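Below is the file coords.txt, which contains compact mmCIF, C-alpha atoms and all ligand atoms.
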```
# COMPACT_ATOMS: atom_id res chain seq x y z
CA MET A 1 29.70 -10.54 -148.99
CA LYS A 2 26.85 -10.24 -146.49
CA VAL A 3 26.87 -7.57 -143.80
CA GLY A 4 24.67 -7.18 -140.72
CA ILE A 5 24.12 -3.85 -138.96
CA ILE A 6 22.81 -3.67 -135.41
CA GLY A 7 20.67 -0.64 -134.56
CA SER A 8 17.78 1.45 -135.82
CA GLY A 9 18.86 5.08 -135.75
CA GLY A 10 20.12 7.69 -138.19
CA ARG A 11 23.65 6.52 -137.50
CA GLU A 12 22.78 3.00 -138.62
CA HIS A 13 20.98 4.19 -141.76
CA ALA A 14 24.07 6.24 -142.65
CA ILE A 15 26.34 3.23 -142.04
CA CYS A 16 24.01 1.05 -144.10
CA GLN A 17 23.97 3.45 -147.04
CA THR A 18 27.77 3.86 -146.94
CA VAL A 19 28.33 0.09 -146.81
CA LYS A 20 25.90 -0.31 -149.70
CA LYS A 21 28.20 1.77 -151.96
CA SER A 22 30.87 -0.93 -151.75
CA ASN A 23 31.07 -3.25 -154.75
CA LYS A 24 31.76 -6.16 -152.38
CA ILE A 25 28.25 -6.20 -150.96
CA ASP A 26 25.66 -8.79 -151.95
CA LYS A 27 23.24 -8.25 -149.11
CA ILE A 28 22.74 -6.18 -145.95
CA PHE A 29 20.61 -7.11 -142.94
CA CYS A 30 19.58 -4.48 -140.38
CA PHE A 31 18.65 -5.51 -136.85
CA PRO A 32 16.01 -4.03 -136.66
CA GLY A 33 16.61 -1.04 -139.00
CA ASN A 34 13.98 1.59 -139.84
CA ALA A 35 11.79 2.80 -142.72
CA GLY A 36 14.91 4.16 -144.45
CA THR A 37 17.07 1.04 -144.26
CA LYS A 38 14.28 -1.15 -145.56
CA ASP A 39 14.84 0.23 -149.07
CA ILE A 40 18.47 -0.91 -149.21
CA ALA A 41 18.61 -3.78 -146.74
CA GLU A 42 16.44 -6.45 -145.20
CA ASN A 43 15.12 -5.36 -141.81
CA ILE A 44 15.07 -8.19 -139.30
CA ASN A 45 12.94 -7.68 -136.24
CA ILE A 46 14.43 -9.90 -133.58
CA ASP A 47 14.93 -9.38 -129.88
CA LEU A 48 18.42 -7.88 -129.53
CA ASP A 49 18.52 -8.73 -125.85
CA ASN A 50 18.63 -12.37 -126.84
CA PHE A 51 22.17 -12.82 -128.18
CA GLU A 52 21.56 -16.48 -128.95
CA ILE A 53 18.72 -15.86 -131.41
CA LEU A 54 20.82 -13.20 -133.12
CA LYS A 55 23.85 -15.52 -133.30
CA ASN A 56 21.74 -18.34 -134.78
CA PHE A 57 20.39 -16.01 -137.45
CA ILE A 58 23.89 -14.77 -138.36
CA LEU A 59 25.25 -18.30 -138.66
CA GLU A 60 22.24 -19.56 -140.58
CA LYS A 61 22.41 -16.70 -143.13
CA LYS A 62 26.23 -16.89 -143.26
CA ILE A 63 26.69 -13.17 -142.58
CA ASP A 64 30.36 -12.28 -143.04
CA LEU A 65 30.60 -9.12 -140.97
CA ILE A 66 28.55 -7.57 -138.16
CA ILE A 67 28.72 -3.85 -137.36
CA VAL A 68 27.35 -2.74 -134.01
CA GLY A 69 25.95 0.82 -134.05
CA PRO A 70 24.68 1.63 -130.53
CA GLU A 71 26.36 1.37 -127.13
CA LYS A 72 23.90 -0.86 -125.29
CA PRO A 73 24.75 -4.20 -126.94
CA LEU A 74 28.46 -3.28 -126.79
CA VAL A 75 28.34 -2.57 -123.06
CA GLU A 76 26.38 -5.81 -122.60
CA GLY A 77 29.12 -7.84 -124.29
CA LEU A 78 27.65 -8.66 -127.71
CA VAL A 79 31.09 -8.55 -129.37
CA ASP A 80 32.62 -11.02 -126.90
CA TYR A 81 29.63 -13.32 -127.34
CA LEU A 82 29.62 -13.36 -131.16
CA GLU A 83 33.41 -13.75 -131.38
CA LYS A 84 33.14 -16.99 -129.40
CA PHE A 85 31.31 -18.34 -132.46
CA LYS A 86 34.00 -17.04 -134.85
CA ILE A 87 31.72 -14.29 -136.15
CA LYS A 88 33.56 -11.19 -137.42
CA VAL A 89 32.29 -8.16 -135.47
CA PHE A 90 33.23 -4.51 -135.67
CA GLY A 91 33.02 -2.92 -132.21
CA PRO A 92 34.75 -2.99 -128.81
CA ASN A 93 34.48 -5.82 -126.28
CA LYS A 94 32.69 -5.64 -122.96
CA ILE A 95 35.63 -4.47 -120.84
CA ALA A 96 36.70 -1.76 -123.32
CA SER A 97 33.06 -0.63 -123.60
CA GLN A 98 33.21 0.37 -119.94
CA LEU A 99 34.77 3.56 -121.30
CA GLU A 100 31.18 4.53 -122.07
CA GLY A 101 29.32 2.15 -119.75
CA SER A 102 30.85 3.58 -116.58
CA LYS A 103 31.94 7.18 -116.17
CA ILE A 104 33.78 6.13 -113.02
CA PHE A 105 35.82 3.52 -114.93
CA THR A 106 36.92 6.28 -117.33
CA LYS A 107 37.66 8.76 -114.56
CA GLN A 108 39.85 6.20 -112.82
CA ILE A 109 41.87 5.73 -116.02
CA CYS A 110 42.13 9.54 -116.31
CA GLU A 111 43.42 9.77 -112.77
CA LYS A 112 45.99 6.99 -113.16
CA TYR A 113 47.38 8.27 -116.49
CA LYS A 114 46.99 11.99 -115.79
CA ILE A 115 44.58 12.54 -118.68
CA PRO A 116 43.22 16.12 -118.67
CA THR A 117 39.59 16.08 -117.51
CA ALA A 118 37.36 17.99 -115.08
CA SER A 119 38.26 17.37 -111.44
CA PHE A 120 35.71 15.15 -109.77
CA GLY A 121 34.52 13.25 -106.72
CA ILE A 122 32.70 9.92 -106.52
CA PHE A 123 29.95 9.59 -103.90
CA GLU A 124 28.11 6.52 -102.73
CA ASN A 125 25.06 8.01 -101.03
CA LYS A 126 22.86 11.09 -100.77
CA LYS A 127 24.36 12.23 -97.47
CA ASP A 128 27.99 12.37 -98.65
CA SER A 129 26.97 13.93 -101.97
CA LYS A 130 25.02 16.69 -100.24
CA LYS A 131 27.78 17.31 -97.71
CA PHE A 132 30.22 17.85 -100.58
CA LEU A 133 27.93 20.56 -101.98
CA GLN A 134 28.88 22.82 -99.06
CA SER A 135 32.32 23.29 -100.62
CA THR A 136 31.24 23.39 -104.30
CA ASN A 137 31.34 26.29 -106.73
CA TYR A 138 28.45 26.73 -109.20
CA PRO A 139 27.70 25.76 -111.88
CA THR A 140 28.61 22.22 -110.95
CA VAL A 141 28.02 19.02 -112.90
CA ILE A 142 26.33 15.94 -111.41
CA LYS A 143 26.32 12.67 -113.35
CA ALA A 144 24.71 9.29 -112.97
CA ASP A 145 27.22 6.48 -113.54
CA ASN A 146 24.86 4.42 -115.74
CA LEU A 147 24.17 4.56 -119.47
CA ALA A 148 21.46 7.21 -119.76
CA SER A 149 21.38 8.27 -123.45
CA GLY A 150 22.95 11.62 -122.56
CA LYS A 151 20.19 12.39 -120.04
CA GLY A 152 21.98 11.44 -116.81
CA VAL A 153 23.99 14.67 -116.70
CA TYR A 154 22.82 17.70 -114.70
CA ILE A 155 24.43 21.11 -115.01
CA CYS A 156 23.41 22.68 -111.69
CA ASN A 157 23.43 26.43 -111.16
CA ASN A 158 22.73 26.35 -107.45
CA GLU A 159 22.43 24.06 -104.44
CA ASN A 160 18.71 23.55 -104.99
CA GLU A 161 19.24 22.13 -108.47
CA ALA A 162 22.12 20.01 -107.21
CA ILE A 163 19.95 18.46 -104.51
CA ILE A 164 17.26 17.60 -107.08
CA ALA A 165 19.92 15.89 -109.23
CA ILE A 166 21.26 13.87 -106.31
CA GLU A 167 17.75 12.83 -105.26
CA GLU A 168 16.72 11.81 -108.80
CA ILE A 169 19.86 9.77 -109.44
CA PHE A 170 19.83 7.90 -106.12
CA ASN A 171 16.05 7.40 -106.39
CA GLY A 172 16.76 5.36 -109.52
CA LYS A 173 15.75 7.65 -112.39
CA PHE A 174 18.52 6.05 -114.54
CA GLY A 175 18.40 2.60 -112.99
CA GLU A 176 19.92 1.43 -109.74
CA ALA A 177 22.61 3.93 -108.67
CA LYS A 178 25.51 2.68 -106.58
CA ASN A 179 27.24 6.03 -106.86
CA LEU A 180 27.35 9.35 -108.69
CA LEU A 181 29.93 11.83 -109.84
CA ILE A 182 30.19 15.49 -108.97
CA GLU A 183 32.41 17.30 -111.40
CA GLU A 184 33.98 20.70 -112.00
CA PHE A 185 32.16 22.66 -114.74
CA LEU A 186 34.44 23.25 -117.74
CA LYS A 187 33.85 26.42 -119.73
CA GLY A 188 34.87 26.10 -123.35
CA GLU A 189 33.60 24.74 -126.65
CA GLU A 190 32.72 21.10 -127.24
CA MET A 191 34.12 18.97 -130.02
CA SER A 192 33.64 15.33 -131.07
CA PHE A 193 36.83 13.59 -132.18
CA PHE A 194 36.65 10.16 -133.83
CA THR A 195 39.24 7.45 -134.22
CA ILE A 196 38.98 3.91 -135.55
CA HIS A 197 40.93 1.07 -133.92
CA ASP A 198 41.95 -2.51 -134.66
CA GLY A 199 43.49 -3.43 -131.30
CA LYS A 200 47.03 -2.84 -132.57
CA SER A 201 46.86 0.55 -134.23
CA PHE A 202 44.38 3.32 -134.87
CA LYS A 203 43.62 6.05 -137.41
CA THR A 204 41.90 9.36 -136.95
CA PHE A 205 38.50 9.43 -138.62
CA ASP A 206 37.11 12.95 -138.70
CA THR A 207 35.82 15.64 -136.38
CA ALA A 208 32.41 17.20 -135.91
CA GLN A 209 30.58 19.59 -133.69
CA ASP A 210 27.24 18.57 -132.32
CA HIS A 211 24.40 20.76 -131.03
CA LYS A 212 23.09 18.95 -127.96
CA ARG A 213 20.58 21.49 -126.68
CA VAL A 214 17.02 21.37 -127.93
CA LEU A 215 16.50 25.10 -128.62
CA GLU A 216 18.12 27.55 -130.99
CA GLY A 217 21.09 29.41 -129.57
CA ASP A 218 22.08 26.21 -127.69
CA LYS A 219 19.44 26.71 -125.02
CA GLY A 220 17.05 24.36 -123.26
CA LYS A 221 17.40 20.73 -122.34
CA ASN A 222 20.11 18.31 -123.45
CA THR A 223 19.15 15.89 -126.23
CA GLY A 224 20.94 13.13 -128.12
CA GLY A 225 21.90 15.79 -130.69
CA MET A 226 19.84 18.20 -132.81
CA GLY A 227 22.34 18.57 -135.63
CA ALA A 228 26.03 18.64 -136.37
CA TYR A 229 28.62 19.88 -138.81
CA SER A 230 31.96 18.58 -139.93
CA PRO A 231 34.80 19.34 -139.66
CA SER A 232 34.82 21.05 -136.29
CA ARG A 233 35.86 24.70 -136.48
CA LEU A 234 38.26 24.11 -133.59
CA ILE A 235 40.51 21.42 -135.04
CA ASN A 236 44.13 22.19 -135.94
CA LYS A 237 47.32 20.14 -136.10
CA ASP A 238 48.53 21.14 -132.67
CA LEU A 239 45.19 20.31 -131.03
CA ARG A 240 44.97 16.99 -132.89
CA ASN A 241 48.40 15.99 -131.55
CA LYS A 242 47.45 16.97 -128.00
CA ILE A 243 44.25 14.90 -128.16
CA ILE A 244 46.16 11.85 -129.37
CA GLU A 245 49.15 12.16 -127.07
CA LYS A 246 47.48 13.37 -123.87
CA ILE A 247 44.15 11.56 -124.07
CA ILE A 248 43.83 8.69 -126.55
CA LYS A 249 47.24 6.99 -126.22
CA PRO A 250 47.21 6.98 -122.39
CA THR A 251 43.68 5.53 -122.47
CA LEU A 252 44.78 2.71 -124.77
CA LYS A 253 47.70 2.08 -122.42
CA GLY A 254 45.24 1.89 -119.54
CA LEU A 255 43.15 -0.70 -121.39
CA ASP A 256 46.27 -2.63 -122.30
CA GLU A 257 47.27 -2.82 -118.65
CA LEU A 258 43.81 -4.16 -117.87
CA GLY A 259 44.58 -6.92 -120.37
CA THR A 260 42.30 -5.74 -123.16
CA LYS A 261 42.41 -4.03 -126.54
CA TYR A 262 40.24 -1.53 -128.33
CA LYS A 263 38.60 -2.34 -131.66
CA GLY A 264 35.94 -0.22 -133.33
CA PHE A 265 35.06 3.46 -133.38
CA LEU A 266 36.09 5.55 -130.41
CA TYR A 267 34.28 8.82 -129.90
CA THR A 268 36.22 11.23 -127.72
CA GLY A 269 33.90 13.95 -126.39
CA LEU A 270 36.02 16.98 -125.55
CA MET A 271 35.80 20.43 -124.07
CA ILE A 272 38.34 22.68 -125.73
CA VAL A 273 39.56 25.45 -123.47
CA LYS A 274 42.05 27.83 -125.14
CA ASN A 275 43.27 25.15 -127.60
CA GLU A 276 43.73 22.64 -124.75
CA PRO A 277 41.62 19.45 -124.83
CA TYR A 278 39.80 18.11 -121.74
CA LEU A 279 38.05 14.77 -121.86
CA ILE A 280 34.34 15.02 -121.04
CA GLU A 281 33.38 11.50 -121.94
CA TYR A 282 34.12 8.56 -124.17
CA ASN A 283 31.56 6.81 -126.31
CA VAL A 284 32.42 3.43 -127.75
CA ARG A 285 30.66 4.00 -131.09
CA MET A 286 30.10 6.71 -133.68
CA GLY A 287 28.15 9.75 -132.57
CA ASP A 288 24.60 10.32 -133.70
CA PRO A 289 24.13 12.71 -135.61
CA GLU A 290 27.91 13.13 -136.12
CA CYS A 291 28.01 9.85 -138.06
CA GLN A 292 25.37 11.08 -140.52
CA THR A 293 27.38 14.25 -141.04
CA ILE A 294 30.76 12.56 -141.42
CA LEU A 295 30.17 9.39 -143.47
CA PRO A 296 28.97 11.12 -146.68
CA LYS A 297 32.43 12.74 -146.85
CA LEU A 298 34.24 9.40 -146.87
CA LYS A 299 35.86 8.43 -150.18
CA THR A 300 37.43 5.13 -149.10
CA ASP A 301 35.28 1.97 -149.22
CA ILE A 302 33.98 1.67 -145.65
CA THR A 303 33.71 -2.11 -145.89
CA ASP A 304 37.48 -2.28 -146.48
CA ILE A 305 37.97 -0.15 -143.38
CA PHE A 306 35.70 -2.34 -141.22
CA LEU A 307 37.37 -5.52 -142.46
CA ALA A 308 40.84 -4.07 -141.87
CA SER A 309 39.80 -3.20 -138.32
CA CYS A 310 38.56 -6.75 -137.65
CA GLU A 311 41.70 -8.24 -139.19
CA GLU A 312 44.26 -5.94 -137.50
CA ARG A 313 45.42 -4.35 -140.76
CA LEU A 314 44.25 -0.76 -140.29
CA GLU A 315 47.81 0.52 -140.50
CA LYS A 316 47.89 -0.34 -144.20
CA ILE A 317 44.65 1.46 -145.08
CA ASP A 318 44.50 5.07 -146.28
CA ILE A 319 41.30 6.77 -145.21
CA GLU A 320 40.41 9.49 -147.72
CA TRP A 321 37.84 12.28 -147.45
CA THR A 322 36.37 14.87 -149.77
CA ASN A 323 37.33 18.43 -148.92
CA LYS A 324 33.70 19.50 -148.76
CA LYS A 325 31.98 20.58 -145.58
CA SER A 326 28.99 18.78 -144.25
CA ILE A 327 26.01 19.69 -142.13
CA CYS A 328 23.15 17.67 -140.67
CA ILE A 329 19.83 18.91 -139.32
CA VAL A 330 17.77 16.52 -137.22
CA VAL A 331 13.97 16.61 -137.40
CA CYS A 332 12.42 15.59 -134.07
CA SER A 333 8.93 14.75 -132.87
CA LYS A 334 7.30 17.73 -131.14
CA GLY A 335 7.83 17.38 -127.41
CA TYR A 336 11.26 15.69 -127.64
CA PRO A 337 13.35 15.29 -125.44
CA GLY A 338 10.28 15.12 -123.19
CA THR A 339 7.19 13.10 -124.05
CA PHE A 340 6.06 13.11 -127.67
CA LYS A 341 3.27 11.60 -129.73
CA LYS A 342 4.10 8.32 -131.41
CA ASN A 343 2.85 7.00 -134.76
CA ALA A 344 2.31 10.39 -136.43
CA GLN A 345 2.38 9.95 -140.19
CA ILE A 346 5.07 11.82 -142.18
CA GLU A 347 3.10 12.66 -145.31
CA ASN A 348 5.36 14.58 -147.66
CA LEU A 349 8.48 12.42 -147.84
CA GLY A 350 7.70 11.75 -151.52
CA LYS A 351 8.03 15.49 -152.28
CA ILE A 352 11.70 15.51 -151.32
CA THR A 353 14.10 15.11 -154.22
CA LEU A 354 17.68 14.89 -153.11
CA GLY A 355 20.50 16.50 -155.08
CA LYS A 356 23.89 14.87 -155.67
CA ASP A 357 25.39 15.94 -152.37
CA GLU A 358 22.23 15.57 -150.31
CA TYR A 359 21.22 12.73 -148.04
CA LEU A 360 18.18 11.83 -145.99
CA PHE A 361 18.76 9.34 -143.19
CA HIS A 362 15.85 7.97 -141.22
CA ALA A 363 16.00 7.48 -137.44
CA GLY A 364 12.80 6.79 -135.47
CA THR A 365 10.61 5.85 -138.43
CA LEU A 366 8.44 2.84 -139.20
CA TYR A 367 7.08 1.70 -142.54
CA LYS A 368 3.52 0.35 -142.46
CA GLU A 369 1.14 -0.22 -145.41
CA ASN A 370 2.94 2.15 -147.77
CA LYS A 371 3.17 4.92 -145.21
CA VAL A 372 5.99 6.19 -143.02
CA TYR A 373 5.31 6.94 -139.35
CA ALA A 374 7.41 8.68 -136.70
CA VAL A 375 7.97 6.38 -133.75
CA GLY A 376 10.93 7.99 -132.00
CA GLY A 377 12.14 11.33 -130.61
CA ARG A 378 14.65 11.93 -133.36
CA VAL A 379 13.01 11.08 -136.68
CA LEU A 380 14.87 12.26 -139.79
CA ASN A 381 18.35 13.56 -140.59
CA PHE A 382 18.89 15.88 -143.54
CA VAL A 383 22.51 16.13 -144.64
CA SER A 384 24.09 18.32 -147.28
CA LEU A 385 27.70 18.67 -148.46
CA SER A 386 29.06 21.83 -150.01
CA GLU A 387 32.14 24.01 -150.36
CA ASP A 388 30.70 26.13 -147.58
CA LEU A 389 28.39 25.34 -144.69
CA LYS A 390 26.05 28.24 -145.38
CA SER A 391 24.89 26.95 -148.75
CA ALA A 392 24.74 23.38 -147.41
CA ARG A 393 22.39 24.54 -144.67
CA TYR A 394 20.35 26.58 -147.16
CA GLU A 395 19.74 23.45 -149.28
CA ILE A 396 18.55 21.50 -146.25
CA ILE A 397 16.13 24.21 -145.15
CA ASN A 398 14.72 24.21 -148.70
CA ASN A 399 13.99 20.51 -148.38
CA LEU A 400 12.54 20.96 -144.92
CA ASN A 401 10.15 23.58 -146.30
CA LYS A 402 8.91 20.97 -148.76
CA LEU A 403 8.50 18.40 -146.00
CA LYS A 404 6.31 20.74 -143.90
CA TRP A 405 5.71 18.05 -141.32
CA ASP A 406 3.26 19.15 -138.60
CA GLY A 407 4.37 16.58 -136.06
CA GLY A 408 7.98 17.71 -136.03
CA PHE A 409 10.40 20.53 -135.34
CA TYR A 410 14.07 21.25 -136.00
CA ARG A 411 16.73 23.86 -135.30
CA LYS A 412 17.37 26.30 -138.13
CA ASP A 413 20.60 27.52 -136.59
CA ILE A 414 22.81 24.41 -136.76
CA GLY A 415 26.38 25.56 -137.34
CA TYR A 416 25.60 29.17 -136.36
CA LYS A 417 28.97 29.73 -134.74
CA VAL A 418 30.70 29.23 -138.09
CA ILE A 419 27.97 30.36 -140.48
CA ASP A 420 26.26 33.41 -138.99
P1 LIG B 501 28.25 13.54 -121.03
O1 LIG B 501 27.10 12.56 -121.09
O2 LIG B 501 29.23 13.26 -119.95
O3 LIG B 501 28.88 13.76 -122.37
O4 LIG B 501 27.60 14.95 -120.75
C1 LIG B 501 26.57 15.48 -121.56
C2 LIG B 501 26.83 16.93 -121.82
O5 LIG B 501 26.90 17.66 -120.57
C3 LIG B 501 28.15 17.22 -122.49
O6 LIG B 501 28.07 17.06 -123.87
C4 LIG B 501 28.39 18.66 -122.08
O7 LIG B 501 27.61 19.52 -122.85
C5 LIG B 501 27.87 18.69 -120.68
N1 LIG B 501 28.96 18.43 -119.70
C6 LIG B 501 29.32 17.24 -119.19
N2 LIG B 501 30.35 17.37 -118.32
C7 LIG B 501 30.66 18.68 -118.30
C8 LIG B 501 31.64 19.46 -117.58
N3 LIG B 501 32.48 18.91 -116.71
N4 LIG B 501 31.66 20.79 -117.80
C9 LIG B 501 30.79 21.38 -118.65
N5 LIG B 501 29.84 20.71 -119.34
C10 LIG B 501 29.77 19.38 -119.18
N1 LIG B 502 25.73 13.17 -130.49
C1 LIG B 502 26.04 12.65 -129.21
C2 LIG B 502 26.11 11.21 -129.10
O1 LIG B 502 26.07 10.47 -130.06
O2 LIG B 502 26.24 10.72 -127.97
```
Rewrite the structure from the file as structure tokens, please.
Ligand code: AMP
Ligand code: GLY
Amino acid sequence: MKVGIIGSGGREHAICQTVKKSNKIDKIFCFPGNAGTKDIAENINIDLDNFEILKNFILEKKIDLIIVGPEKPLVEGLVDYLEKFKIKVFGPNKIASQLEGSKIFTKQICEKYKIPTASFGIFENKKDSKKFLQSTNYPTVIKADNLASGKGVYICNNENEAIIAIEEIFNGKFGEAKNLLIEEFLKGEEMSFFTIHDGKSFKTFDTAQDHKRVLEGDKGKNTGGMGAYSPSRLINKDLRNKIIEKIIKPTLKGLDELGTKYKGFLYTGLMIVKNEPYLIEYNVRMGDPECQTILPKLKTDITDIFLASCEERLEKIDIEWTNKKSICIVVCSKGYPGTFKKNAQIENLGKITLGKDEYLFHAGTLYKENKVYAVGGRVLNFVSLSEDLKSARYEIINNLNKLKWDGGFYRKDIGYKVID
């Protein structure tokens, strides 16, 4: 069969490589892919904002299954559009994607179904937002309602910082802002919990812990993710049940009452406080870099899982994993998450030889005249599986020493809470 993957990040390279392992696959197309996917798939550079061009290509090439990696096309309704043309697509529809597309949509579901989450207020203008600050405790959390690649969230330690956040959001830093959220700060440890859905039933996928801050020791600015490990150190049977019963099932009920269903990956971003889960956010896709960390552990053919999800037969599928632990370190362009230089060549990729349980997934890379260039903030993902996280991380650092890439940096301390 022919499969198409939408996206160009490390997550999509990991999906591509995992799909490739299936003996059902004749050909993979990546829209647009990166320098890593080009070795195992055909990269197609078309304008993803133009759904019609994409649809025509899919029909012309007779692609059997489309997998959507990132949130933007999901929130914009790509799944609804392609399904009108009887194209099989893995991912949630436009209404269900509001779980990520609008924090206020999610908070309203939380309120209606009593889902544990930080208490919050929604404000429509600067004046009301600032007035509310008079009764706030610090730190407090201020969030833009729009999709902002993880950057529209401010953790404010005092009124001054809160005012800057309010000004920036309403002045349009993340696009037109009709409102913002001010939220109670939750003190605990974060965890990413993944489930896969077919509209009728769902299965748990795996857990991971992500390091979102740019500097070692979890300091500095928020990023898309500097590294991750799987499974999360926090997961246990009791916590898993609480997440499903108190958070995921009521959310699905909420969607059902809105007349819609959920199909695809659901990423539940949680704060765990004394073994109690609180919902921080939903994402309607796999996490990045959590996906790169988790997929190499999967033993079941992922194409069977995707097809079962599209055909409402997930209940009959057993999803099996290796018992090994997995860790991913992300190499970023110097300057990320701020401004960084584009088109720096990555010279030493040829010096990296990967062992059996090692993986290298590209993210913001471009292949041009036999050379690989960094074109994004997050550039490469090194993943290693092992019986213990310490030796997995050691193997990655060994490879990174061989890479010695001047244009980049990475965190050496991924997983420190479990390893060190
Ligand atoms: P979000 O985009 O909502 O996931 O927020 C990005 C990051 O901000 C999260 O991964 C947390 O690290 C942090 N964050 C968001 N909301 C809260 C909260 N209510 N309390 C503490 N930290 C938060
Ligand atoms: N790693 C965080 C995210 O994918 O949003």
Q. Which residue out of A:Cys310, A:Ile53, A:Cys291, A:Ile58 has the minimum interatomic distance to ligand LIG 502 (chain B) when all atoms listed in the file are used?
A.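 Smallest separation from ligand LIG 502 (chain B) among the options: A:Cys291.
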Q. So which residues are near ligand LIG 502 (chain B), meaning at most 7 Å away with only C-alpha atoms and all ligand atoms counted, given back as an MDAnalysis selection string?
A. chainID A and resid 150 210 212 224:225 283 286:290
Q.
Here is a test: counting all atoms listed in the file, which residue of A:Asn370, A:Glu161, A:Phe29, A:Leu314 is nearest to Ile63 (chain A)?
A.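 Checking each of A:Asn370, A:Glu161, A:Phe29, A:Leu314 against Ile63 (chain A), counting all atoms listed in the file, the winner is A:Phe29.
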Sorted per-residue table, chain A near ligand LIG 501 (chain B), closest atoms and distance, 8 Å, only C-alpha atoms and all ligand atoms, as a tab-separated table:
```
residue	atom	partner	partner_atom	distance
A:Lys103	CA	B:LIG501	O2	7.7
A:Thr117	CA	B:LIG501	N3	7.7
A:Ala118	CA	B:LIG501	N3	5.2
A:Ser119	CA	B:LIG501	N3	8.0
A:Thr140	CA	B:LIG501	N4	7.6
A:Val141	CA	B:LIG501	N3	5.9
A:Lys143	CA	B:LIG501	O2	7.2
A:Ala148	CA	B:LIG501	O1	7.9
A:Ser149	CA	B:LIG501	O1	7.5
A:Gly150	CA	B:LIG501	O1	4.5
A:Lys151	CA	B:LIG501	O1	7.0
A:Gly152	CA	B:LIG501	O1	6.8
A:Val153	CA	B:LIG501	O4	5.4
A:Tyr154	CA	B:LIG501	O5	7.1
A:Ile155	CA	B:LIG501	N5	6.9
A:Glu183	CA	B:LIG501	N3	5.5
A:Glu184	CA	B:LIG501	N3	5.3
A:Phe185	CA	B:LIG501	N4	3.6
A:Leu186	CA	B:LIG501	N4	3.7
A:Lys187	CA	B:LIG501	C9	6.0
A:Gly188	CA	B:LIG501	C9	7.8
A:Glu190	CA	B:LIG501	O7	6.9
A:Lys212	CA	B:LIG501	O6	6.7
A:Asn222	CA	B:LIG501	C2	7.1
A:Gly269	CA	B:LIG501	O3	6.4
A:Met271	CA	B:LIG501	C9	7.4
A:Ile280	CA	B:LIG501	N2	5.4
A:Glu281	CA	B:LIG501	O2	4.9
A:Tyr282	CA	B:LIG501	O3	7.6
```
Q: Please determine the residues with any atom at most 10 Å from (26.8, 4.5, -131.6) (coordinates as given in the file, with only C-alpha atoms counting) and report them as a VMD selection string.
A: chain A and resid 6 to 7 9 to 12 68 to 72 74 91 265 to 267 283 to 291
Q: Using only C-alpha atoms, pick whichever of A:Cys332, A:Cys110, A:Leu82, A:Ile414 has the shortest atom-to-atom distance to Lys249 (chain A).
A: A:Cys110
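If only C-alpha atoms are the atoms counted, then among A:Cys156, A:Ile115, A:Ile122, A:Ala228 the closest residue to Asn179 (chain A) is A:Ile122.
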Counting all atoms listed in the file, find the residues whose atoms lie at most 8 Å from (41.7, 6.7, -132.1) (file coordinates) and write them out as a compact mmCIF listing (two decimals) with C-alpha atoms, in the frame of the given file.
```
# COMPACT_ATOMS: atom_id res chain seq x y z
CA PHE A 194 36.65 10.16 -133.83
CA THR A 195 39.24 7.45 -134.22
CA ILE A 196 38.98 3.91 -135.55
CA HIS A 197 40.93 1.07 -133.92
CA PHE A 202 44.38 3.32 -134.87
CA LYS A 203 43.62 6.05 -137.41
CA THR A 204 41.90 9.36 -136.95
CA PHE A 205 38.50 9.43 -138.62
CA ILE A 244 46.16 11.85 -129.37
CA ILE A 248 43.83 8.69 -126.55
CA PHE A 265 35.06 3.46 -133.38
CA LEU A 266 36.09 5.55 -130.41
```
Enclosing box along x, y and z for every listed atom of region 255-261 of chain A, padded 4 Å each side, centre and size in Å, one decimal, as lines of an AutoDock Vina configuration file:
```
center_x = 44.8
center_y = -3.8
center_z = -122.2
size_x = 13.0
size_y = 14.2
size_z = 16.7
```
Q) Just how far from CA of Glu100 (chain A) is CA of Asn157 (chain A), in Å to one decimal? A) 25.7 Å
(Q) Quick one: residues within 9 Å of Ile305 (chain A), only C-alpha atoms, excluding same-chain residues fewer than 2 positions away - as a VMD selection string? (A) chain A and resid 196 300 to 303 307 to 310 313 to 314 317 to 319
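The two atoms in question, CA of Phe382 (chain A) and CA of Thr207 (chain A), are spaced 18.4 Å apart.
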**Q.** CA of Gly101 (chain A) to CA of Phe174 (chain A), straight-line distance in Å
**A.**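 Interatomic distance here is 12.6 Å.
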Q. Between A:Thr322, A:Ala363, A:Glu167, A:Glu312, which is the closest to Val379 (chain A) once you count all atoms listed in the file?
A. A:Ala363
